Structures are given as C-alpha cells and as structure tokens.
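**Student:** One structure, pasted below without further comment.
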Amino acid sequence: KDEALRKDKEALRKKDEALRKEKEALGKKEVVANLSWTETVLDLTFAGYKENRKLFCLLLSFAGGVSSGQAGWTVLYCRKGFEEQWRFLEDDVCKEGSMGWIVGPPGTGKTTTTMSFMQSLSIEREWRVMCVRLWRRGSVKFLQVADGKHRVFQTDIVRAADILFAILRGWTRSDRKHFISLDGFLQGVQIAEALYSICLSWRDDDRENRRLVVTTSMSSRGKS
C-alpha cells in the first residue's frame, strides 16, 4: 500500500508539473499575441556593397539597429575595421558557429557594421535575423527581419526578459537558420545578464542553426 501511495503521489506531482508548464506556455503565447509590432515591407533593391566593395548601402531602418519608419539609405565607407568585423561575423560566427563578441569603445561602428551584415544576411532566404538592443534610458527594442518584412517592438526592462523568451519560442523555425545580435550589453547589469542568458540558452539548444553575437563597449566587458 505504501508503494502504491508513493506512486500515486508521484503521478500527481508530474501531472501538476505538466499543468504548470502548459499554463506557462499559454501565458508566453498570450504575451506574443499582445505585442504591438511596427511592421513595414522592405525594399532592399539597392542594399549591399557598391563600387567594388568600397561603399555599403544600409537601409535607414537598419541604421542604429532599431529604427523604423524611415525612408532612404545611408552610405558607409568600408574601412579596414568594417571589413574585419564583417569577415568575423561571416566566417567565425555564421560558418564556424562560434559565439561572437564584438568589443570596443562607443562610436567605433560596432553596431552599424553588425546591422549592415544582418541586412545582407536577411536577403538570403534561409536566414532569419533579429537584433535585441538595450538602451541606457531603460528600454529594450526588438528588431526582426524575415520574409521581406521589418518588424520593431519596444518595451521596458521589467517585461523584456519574459517577452524575449516568448518571442524566441514563436520566431524560431526548424527549417531556417537564425542570427541574433544582442546589442548594448553591459556586464553586471541585471537585465542585460538576463537577456544574454536567454539568448545563450536559445543558441545552445541548436548550435547547428542558431548564431549569437554580443556587442558591448570595451569597459563593460573588461573583466569577463
């Protein structure tokens, strides 16, 4: 009788756990369903390298990683640092599957170069790209590009981790490769560490098809 009672208790525990997980999953789906995305159709006709790779045309909606609703292009001069970072993203991160860290002082083009690469990657049908941008003023913005559409959503830091977790569950597809840029990471900041942990766990679940690069200022990762 004791053994039967123990088995009954274990069965009830597993049932409660399954119900808890189901409720949590439904909650995450509801979060995603209630997000108010700003969505536009992209025209990437003039995107990419020009003048024998001396210039690069970046759509303004990509510039800065999170803007939306802007028309037109910005033209970048492809300096040595631009090309070096591009090769790192292309070879080490995308082809080799390495975890990517881009570290340097503010204003050196880290984000712009990464977004240029993501713009180019988004043109390839097999890739889906997303930028998660942390702003110092206390907000987080999400930018997604897939199937010719550009989507942006902004939230406060209180909800950001739950929203990212929910977004990843709905955004990730088994028939595509995925590239995420976590931009503006600050070591020791709770929300930044939480978002990084979620992205890293997401990547580790399928390293063959998921890529992650983190952009941070030199001072914020100096002791890592």
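In the structure tokens, each chain is lettered A, B, ... as it comes, each chain's residues begin at 1, and ligands are numbered from 1 in order of appearance.
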Might you pull out every residue within 9 Å of Phe142 of chain A, with only C-alpha atoms counted and same-chain residues fewer than 6 positions away left off, and present them as a list in words?
**Tutor:** Gly65, Val66, Met130, Cys131, Val132, Arg133, Arg151, Val152, Phe153, Gln154, Thr155 and Leu164 of chain A
**Student:** Which residue gives the smallest distance to Arg173 of chain A among A:Glu3, A:Phe82, A:Leu89, A:Arg128, with only C-alpha atoms counted?
**Tutor:**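 Once distances to Arg173 of chain A are computed over only C-alpha atoms, the minimum belongs to A:Arg128.
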**Student:** Would you compute the distance between atom CA of Arg203 of chain A and atom CA of Arg159 of chain A? Give it in Å to one decimal.
**Tutor:**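 Result for atom CA of Arg203 of chain A versus atom CA of Arg159 of chain A: 21.2 Å, one decimal.
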